[in-house]
file query.cif (mmCIF, C-alpha atoms)
data_query
#
loop_
_atom_site.group_PDB
_atom_site.id
_atom_site.type_symbol
_atom_site.label_atom_id
_atom_site.label_comp_id
_atom_site.auth_asym_id
_atom_site.auth_seq_id
_atom_site.Cartn_x
_atom_site.Cartn_y
_atom_site.Cartn_z
ATOM 1 C CA MET Y 1 -52.033 132.751 28.473
ATOM 2 C CA THR Y 2 -50.729 129.411 29.666
ATOM 3 C CA GLN Y 3 -51.551 127.440 32.806
ATOM 4 C CA ALA Y 4 -49.721 125.128 35.150
ATOM 5 C CA HIS Y 5 -51.045 123.137 38.081
ATOM 6 C CA TYR Y 6 -49.309 122.456 41.375
ATOM 7 C CA VAL Y 7 -50.635 120.056 43.981
ATOM 8 C CA SER Y 8 -49.677 121.614 47.310
ATOM 9 C CA PRO Y 9 -50.130 120.124 50.784
ATOM 10 C CA LEU Y 10 -53.207 122.368 51.065
ATOM 11 C CA GLY Y 11 -54.753 121.580 47.694
ATOM 12 C CA LEU Y 12 -54.558 122.406 44.025
ATOM 13 C CA ILE Y 13 -52.934 125.674 42.917
ATOM 14 C CA THR Y 14 -53.450 126.830 39.327
ATOM 15 C CA LEU Y 15 -51.011 129.345 37.867
ATOM 16 C CA ALA Y 16 -51.725 131.388 34.754
ATOM 17 C CA GLY Y 17 -49.262 133.608 32.974
ATOM 18 C CA ASP Y 18 -47.682 134.768 29.790
ATOM 19 C CA ASP Y 19 -44.102 134.477 28.590
ATOM 20 C CA ARG Y 20 -42.859 137.120 31.015
ATOM 21 C CA ARG Y 21 -45.053 137.268 34.104
ATOM 22 C CA LEU Y 22 -47.367 135.471 36.481
ATOM 23 C CA CYS Y 23 -50.876 136.857 35.917
ATOM 24 C CA ARG Y 24 -53.203 134.806 38.128
ATOM 25 C CA VAL Y 25 -53.076 132.298 40.979
ATOM 26 C CA ILE Y 26 -56.160 130.249 41.841
ATOM 27 C CA LEU Y 27 -56.182 128.356 45.123
ATOM 28 C CA GLY Y 28 -58.396 125.282 45.305
ATOM 29 C CA GLY Y 29 -60.753 123.803 42.813
ATOM 30 C CA ALA Y 30 -61.230 120.284 41.533
ATOM 31 C CA ASP Y 31 -58.062 118.238 41.865
ATOM 32 C CA ARG Y 32 -57.826 117.150 38.248
ATOM 33 C CA ALA Y 33 -54.089 117.786 38.224
ATOM 34 C CA ALA Y 34 -53.130 114.617 40.143
ATOM 35 C CA GLU Y 35 -49.586 113.922 41.274
ATOM 36 C CA SER Y 36 -48.361 113.259 37.729
ATOM 37 C CA ARG Y 37 -48.938 116.941 36.929
ATOM 38 C CA ARG Y 38 -47.217 118.216 40.080
ATOM 39 C CA ARG Y 39 -44.559 119.986 38.005
ATOM 40 C CA ALA Y 40 -45.463 122.440 35.277
ATOM 41 C CA VAL Y 41 -44.884 121.368 31.719
ATOM 42 C CA CYS Y 42 -44.977 124.980 30.608
ATOM 43 C CA PRO Y 43 -41.433 126.396 30.781
ATOM 44 C CA ALA Y 44 -42.727 129.961 31.184
ATOM 45 C CA LEU Y 45 -44.455 129.024 34.454
ATOM 46 C CA GLY Y 46 -41.839 126.545 35.647
ATOM 47 C CA ARG Y 47 -40.018 129.156 37.738
ATOM 48 C CA TYR Y 48 -43.226 129.881 39.679
ATOM 49 C CA VAL Y 49 -43.845 126.186 40.325
ATOM 50 C CA GLN Y 50 -40.284 125.970 41.673
ATOM 51 C CA MET Y 51 -41.012 128.955 43.927
ATOM 52 C CA LEU Y 52 -44.076 127.128 45.263
ATOM 53 C CA GLU Y 53 -42.046 123.976 45.855
ATOM 54 C CA ARG Y 54 -39.481 125.972 47.840
ATOM 55 C CA TYR Y 55 -42.257 127.797 49.703
ATOM 56 C CA PHE Y 56 -43.933 124.556 50.759
ATOM 57 C CA GLY Y 57 -40.457 123.303 51.680
ATOM 58 C CA GLY Y 58 -40.252 126.121 54.240
ATOM 59 C CA GLU Y 59 -38.534 128.946 52.347
ATOM 60 C CA PRO Y 60 -40.029 132.366 51.645
ATOM 61 C CA ILE Y 61 -40.957 133.226 48.076
ATOM 62 C CA ARG Y 62 -38.464 135.627 46.573
ATOM 63 C CA CYS Y 63 -39.938 137.078 43.429
ATOM 64 C CA GLU Y 64 -39.063 140.327 41.731
ATOM 65 C CA PRO Y 65 -42.145 142.545 41.470
ATOM 66 C CA GLY Y 66 -41.599 142.857 37.692
ATOM 67 C CA LEU Y 67 -42.382 139.143 37.347
ATOM 68 C CA LEU Y 68 -45.879 139.673 38.760
ATOM 69 C CA ALA Y 69 -48.604 141.161 36.553
ATOM 70 C CA LEU Y 70 -50.246 143.837 38.669
ATOM 71 C CA ASP Y 71 -51.083 146.310 35.914
ATOM 72 C CA GLY Y 72 -54.696 147.267 35.603
ATOM 73 C CA ARG Y 73 -54.864 147.841 39.368
ATOM 74 C CA GLY Y 74 -55.257 151.315 40.801
ATOM 75 C CA PRO Y 75 -52.355 153.089 42.512
ATOM 76 C CA PHE Y 76 -53.682 152.351 46.008
ATOM 77 C CA ALA Y 77 -54.125 148.619 45.313
ATOM 78 C CA ARG Y 78 -50.639 148.427 43.778
ATOM 79 C CA GLY Y 79 -49.293 150.175 46.875
ATOM 80 C CA VAL Y 80 -51.037 147.628 49.100
ATOM 81 C CA TYR Y 81 -49.588 144.722 47.097
ATOM 82 C CA GLU Y 82 -46.097 146.231 47.109
ATOM 83 C CA ALA Y 83 -46.269 146.805 50.867
ATOM 84 C CA LEU Y 84 -47.307 143.182 51.347
ATOM 85 C CA LEU Y 85 -44.211 141.999 49.502
ATOM 86 C CA GLY Y 86 -42.237 143.413 52.438
ATOM 87 C CA VAL Y 87 -44.123 141.443 55.128
ATOM 88 C CA PRO Y 88 -41.768 138.587 56.039
ATOM 89 C CA PHE Y 89 -42.549 134.865 55.906
ATOM 90 C CA GLY Y 90 -44.191 133.902 59.215
ATOM 91 C CA SER Y 91 -45.228 137.461 60.114
ATOM 92 C CA VAL Y 92 -48.620 139.110 60.092
ATOM 93 C CA VAL Y 93 -49.871 142.688 59.932
ATOM 94 C CA THR Y 94 -53.318 144.085 60.563
ATOM 95 C CA TYR Y 95 -55.412 145.746 57.888
ATOM 96 C CA GLY Y 96 -54.769 149.071 59.651
ATOM 97 C CA GLU Y 97 -51.005 148.508 59.786
ATOM 98 C CA LEU Y 98 -51.020 147.640 56.106
ATOM 99 C CA ALA Y 99 -52.939 150.821 55.285
ATOM 100 C CA GLU Y 100 -50.409 152.801 57.315
ATOM 101 C CA LEU Y 101 -47.549 151.169 55.376
ATOM 102 C CA CYS Y 102 -49.241 152.567 52.256
ATOM 103 C CA GLY Y 103 -49.385 156.046 53.738
ATOM 104 C CA CYS Y 104 -53.155 156.008 54.294
ATOM 105 C CA ARG Y 105 -53.600 155.300 57.990
ATOM 106 C CA ALA Y 106 -57.408 155.482 57.914
ATOM 107 C CA ALA Y 107 -57.801 153.233 54.865
ATOM 108 C CA ALA Y 108 -57.960 149.803 56.540
ATOM 109 C CA ARG Y 109 -61.215 148.898 54.768
ATOM 110 C CA ALA Y 110 -59.850 150.024 51.410
ATOM 111 C CA ALA Y 111 -56.768 147.883 52.018
ATOM 112 C CA GLY Y 112 -59.060 144.931 52.733
ATOM 113 C CA GLN Y 113 -60.933 145.542 49.488
ATOM 114 C CA ALA Y 114 -57.667 145.643 47.553
ATOM 115 C CA LEU Y 115 -56.699 142.327 49.155
ATOM 116 C CA SER Y 116 -60.005 140.731 48.171
ATOM 117 C CA ALA Y 117 -59.101 141.458 44.534
ATOM 118 C CA ASN Y 118 -55.503 140.197 44.819
ATOM 119 C CA PRO Y 119 -54.889 138.134 41.661
ATOM 120 C CA LEU Y 120 -51.706 136.525 43.030
ATOM 121 C CA PRO Y 121 -52.286 135.010 46.485
ATOM 122 C CA ILE Y 122 -49.198 133.455 48.107
ATOM 123 C CA PHE Y 123 -46.918 135.439 45.769
ATOM 124 C CA VAL Y 124 -48.522 138.659 47.068
ATOM 125 C CA PRO Y 125 -49.075 137.274 50.583
ATOM 126 C CA CYS Y 126 -52.509 138.617 51.508
ATOM 127 C CA HIS Y 127 -52.901 135.647 53.871
ATOM 128 C CA ARG Y 128 -50.520 137.509 56.233
ATOM 129 C CA VAL Y 129 -53.093 140.214 56.969
ATOM 130 C CA VAL Y 130 -55.351 139.802 60.015
ATOM 131 C CA ARG Y 131 -57.920 141.875 61.880
ATOM 132 C CA ALA Y 132 -56.901 144.262 64.656
ATOM 133 C CA ASP Y 133 -58.137 141.766 67.282
ATOM 134 C CA GLY Y 134 -55.885 139.048 65.819
ATOM 135 C CA SER Y 135 -58.705 137.063 64.219
ATOM 136 C CA LEU Y 136 -58.178 135.899 60.651
ATOM 137 C CA GLY Y 137 -60.549 138.129 58.712
ATOM 138 C CA GLY Y 138 -61.455 137.131 55.184
ATOM 139 C CA PHE Y 139 -59.630 135.381 52.374
ATOM 140 C CA SER Y 140 -60.771 134.971 48.773
ATOM 141 C CA ALA Y 141 -59.952 131.240 48.698
ATOM 142 C CA GLY Y 142 -61.608 130.627 52.079
ATOM 143 C CA ILE Y 143 -60.493 130.649 55.683
ATOM 144 C CA ALA Y 144 -59.168 127.060 55.516
ATOM 145 C CA TRP Y 145 -56.566 128.176 52.953
ATOM 146 C CA LYS Y 146 -55.620 131.242 55.000
ATOM 147 C CA ARG Y 147 -55.311 129.206 58.190
ATOM 148 C CA GLY Y 148 -53.301 126.518 56.378
ATOM 149 C CA LEU Y 149 -50.880 129.032 54.859
ATOM 150 C CA LEU Y 150 -50.342 130.781 58.192
ATOM 151 C CA ARG Y 151 -49.798 127.453 59.970
ATOM 152 C CA HIS Y 152 -47.353 126.452 57.258
ATOM 153 C CA GLU Y 153 -45.444 129.645 58.038
ATOM 154 C CA GLY Y 154 -45.372 128.784 61.739
ATOM 155 C CA ARG Y 155 -48.216 130.982 62.976
ATOM 156 C CA CYS Y 156 -50.542 129.468 65.580
ATOM 157 C CA VAL Y 157 -54.046 130.323 64.412
#

call {"tool": "encode", "arguments": {"input": "query.cif", "output": "structure tokens"}}
result
Amino acid sequence: MTQAHYVSPLGLITLAGDDRRLCRVILGGADRAAESRRRAVCPALGRYVQMLERYFGGEPIRCEPGLLALDGRGPFARGVYEALLGVPFGSVVTYGELAELCGCRAAARAAGQALSANPLPIFVPCHRVVRADGSLGGFSAGIAWKRGLLRHEGRCV
């Protein structure tokens, strides 16, 4: 497994992957990467760093699901992640709406649990899921990251 670091406007993003797929995204942490390491030196992860650069430039991430390592997740969690890939840049859905997209209308809490274990935030945009009352809800990297990502996408939060 190789790693690359990207210094985003919101903080450090660490990418981990193999020769074929992105396996893990970690938002935050100590900023040891510095600006000199803004671009990945690892060619296998270079495409994902470019996706982040375009994303923070205002474009949605367009990534084929086969490039994201989601194996080892149960069928419901995979369904949640796949449904999230269809939520457009700048849009939000509620936990209940997401569960309904997965065919399990009453599974809002289960959808939230699947999101809390999302290994690929931003690429699988769990930050676009909010509570039924419009409040932010949780986010594994912290509410500041979620708020920052939604603001970046033009949402007033």

call {"tool": "atom_distance", "arguments": {"input": "query.cif", "atom1": "atom CA of Y:Ala83", "atom2": "atom CA of Y:Thr2"}}
result
27.8 Å

call {"tool": "resolve_selection", "arguments": {"input": "query.cif", "expression": "the PyMOL selection byres ((chain Y and resi 55) around 12)", "output": "PyMOL selection string"}}
result
chain Y and resi 8-9+48-54+56-63+89-90+122-123+125+149+152-153

call {"tool": "closest_residue", "arguments": {"input": "query.cif", "among": "Y:Gly66, Y:Gly28, Y:Gly72, Y:Gly17", "to": "Y:Ala144", "atoms": "all atoms listed in the file"}}
result
Y:Gly28

call {"tool": "atom_distance", "arguments": {"input": "query.cif", "atom1": "atom CA of Y:Ser140", "atom2": "atom CA of Y:Asp19"}}
result
26.2 Å

call {"tool": "atom_distance", "arguments": {"input": "query.cif", "atom1": "atom CA of Y:Cys126", "atom2": "atom CA of Y:Tyr81"}}
result
8.1 Å

call {"tool": "resolve_selection", "arguments": {"input": "query.cif", "expression": "the PyMOL selection byres ((chain Y and resi 132) around 12)", "output": "mmCIF file with C-alpha atoms, keeping the file's coordinate frame"}}
result
data_model
loop_
_atom_site.group_PDB
_atom_site.id
_atom_site.type_symbol
_atom_site.label_atom_id
_atom_site.label_comp_id
_atom_site.auth_asym_id
_atom_site.auth_seq_id
_atom_site.Cartn_x
_atom_site.Cartn_y
_atom_site.Cartn_z
ATOM 1 C CA VAL Y 92 -48.620 139.110 60.092
ATOM 2 C CA VAL Y 93 -49.871 142.688 59.932
ATOM 3 C CA THR Y 94 -53.318 144.085 60.563
ATOM 4 C CA TYR Y 95 -55.412 145.746 57.888
ATOM 5 C CA GLY Y 96 -54.769 149.071 59.651
ATOM 6 C CA GLU Y 97 -51.005 148.508 59.786
ATOM 7 C CA LEU Y 98 -51.020 147.640 56.106
ATOM 8 C CA ALA Y 108 -57.960 149.803 56.540
ATOM 9 C CA ARG Y 109 -61.215 148.898 54.768
ATOM 10 C CA VAL Y 129 -53.093 140.214 56.969
ATOM 11 C CA VAL Y 130 -55.351 139.802 60.015
ATOM 12 C CA ARG Y 131 -57.920 141.875 61.880
ATOM 13 C CA ASP Y 133 -58.137 141.766 67.282
ATOM 14 C CA GLY Y 134 -55.885 139.048 65.819
ATOM 15 C CA SER Y 135 -58.705 137.063 64.219
ATOM 16 C CA LEU Y 136 -58.178 135.899 60.651
ATOM 17 C CA GLY Y 137 -60.549 138.129 58.712
#

call {"tool": "closest_residue", "arguments": {"input": "query.cif", "among": "Y:Ala77, Y:Val124, Y:Met1, Y:Leu67", "to": "Y:Leu22", "atoms": "all atoms listed in the file"}}
result
Y:Leu67

call {"tool": "closest_residue", "arguments": {"input": "query.cif", "among": "Y:Arg20, Y:Arg78, Y:Arg147, Y:His5", "to": "Y:Leu115", "atoms": "all atoms listed in the file"}}
result
Y:Arg78

call {"tool": "build_atoms", "arguments": {"input": "query.cif", "residues": "stretch 115-145 of chain Y", "atoms": "N, CA and C atoms", "output": "compact mmCIF listing (two decimals), keeping the file's coordinate frame"}}
result
# COMPACT_ATOMS: atom_id res chain seq x y z
N LEU Y 115 -57.13 143.71 48.93
CA LEU Y 115 -56.70 142.33 49.16
C LEU Y 115 -57.70 141.34 48.59
N SER Y 116 -58.99 141.66 48.68
CA SER Y 116 -60.00 140.73 48.17
C SER Y 116 -59.91 140.57 46.66
N ALA Y 117 -59.27 141.53 45.99
CA ALA Y 117 -59.10 141.46 44.53
C ALA Y 117 -57.68 141.04 44.14
N ASN Y 118 -56.88 140.60 45.10
CA ASN Y 118 -55.50 140.20 44.82
C ASN Y 118 -55.49 139.03 43.83
N PRO Y 119 -54.90 139.22 42.65
CA PRO Y 119 -54.89 138.13 41.66
C PRO Y 119 -53.79 137.10 41.90
N LEU Y 120 -52.89 137.37 42.86
CA LEU Y 120 -51.71 136.52 43.03
C LEU Y 120 -51.49 136.08 44.48
N PRO Y 121 -52.50 135.44 45.11
CA PRO Y 121 -52.29 135.01 46.48
C PRO Y 121 -51.06 134.10 46.60
N ILE Y 122 -50.47 134.08 47.73
CA ILE Y 122 -49.20 133.46 48.11
C ILE Y 122 -48.04 134.30 47.60
N PHE Y 123 -48.00 134.62 46.31
CA PHE Y 123 -46.92 135.44 45.77
C PHE Y 123 -47.02 136.88 46.28
N VAL Y 124 -48.23 137.41 46.36
CA VAL Y 124 -48.52 138.66 47.07
C VAL Y 124 -49.28 138.18 48.31
N PRO Y 125 -48.58 138.07 49.44
CA PRO Y 125 -49.08 137.27 50.58
C PRO Y 125 -50.19 137.91 51.41
N CYS Y 126 -51.37 138.02 50.81
CA CYS Y 126 -52.51 138.62 51.51
C CYS Y 126 -52.97 137.76 52.69
N HIS Y 127 -52.54 136.50 52.73
CA HIS Y 127 -52.90 135.65 53.87
C HIS Y 127 -52.23 136.13 55.16
N ARG Y 128 -51.24 137.00 55.06
CA ARG Y 128 -50.52 137.51 56.23
C ARG Y 128 -51.18 138.73 56.87
N VAL Y 129 -52.38 139.06 56.44
CA VAL Y 129 -53.09 140.21 56.97
C VAL Y 129 -54.26 139.72 57.83
N VAL Y 130 -54.32 140.22 59.06
CA VAL Y 130 -55.35 139.80 60.02
C VAL Y 130 -56.08 141.03 60.55
N ARG Y 131 -57.16 140.79 61.25
CA ARG Y 131 -57.92 141.88 61.88
C ARG Y 131 -57.16 142.43 63.08
N ALA Y 132 -57.56 143.60 63.52
CA ALA Y 132 -56.90 144.26 64.66
C ALA Y 132 -56.96 143.41 65.93
N ASP Y 133 -58.02 142.60 66.09
CA ASP Y 133 -58.14 141.77 67.28
C ASP Y 133 -57.37 140.44 67.16
N GLY Y 134 -56.67 140.26 66.03
CA GLY Y 134 -55.88 139.05 65.82
C GLY Y 134 -56.64 137.93 65.12
N SER Y 135 -57.95 138.10 64.93
CA SER Y 135 -58.70 137.06 64.22
C SER Y 135 -58.35 137.12 62.73
N LEU Y 136 -58.67 136.06 62.02
CA LEU Y 136 -58.18 135.90 60.65
C LEU Y 136 -58.73 136.90 59.65
N GLY Y 137 -59.97 137.30 59.76
CA GLY Y 137 -60.55 138.13 58.71
C GLY Y 137 -60.89 137.27 57.52
N GLY Y 138 -61.05 137.87 56.37
CA GLY Y 138 -61.46 137.13 55.18
C GLY Y 138 -60.29 136.67 54.33
N PHE Y 139 -60.62 135.86 53.34
CA PHE Y 139 -59.63 135.38 52.37
C PHE Y 139 -60.40 134.87 51.17
N SER Y 140 -60.00 135.29 49.98
CA SER Y 140 -60.77 134.97 48.77
C SER Y 140 -60.89 133.47 48.52
N ALA Y 141 -59.91 132.69 48.92
CA ALA Y 141 -59.95 131.24 48.70
C ALA Y 141 -60.59 130.50 49.87
N GLY Y 142 -60.99 131.23 50.91
CA GLY Y 142 -61.61 130.63 52.08
C GLY Y 142 -60.66 130.60 53.27
N ILE Y 143 -61.26 130.59 54.44
CA ILE Y 143 -60.49 130.65 55.68
C ILE Y 143 -59.60 129.42 55.86
N ALA Y 144 -60.01 128.26 55.37
CA ALA Y 144 -59.17 127.06 55.52
C ALA Y 144 -57.82 127.26 54.82
N TRP Y 145 -57.83 127.89 53.64
CA TRP Y 145 -56.57 128.18 52.95
C TRP Y 145 -55.73 129.16 53.76
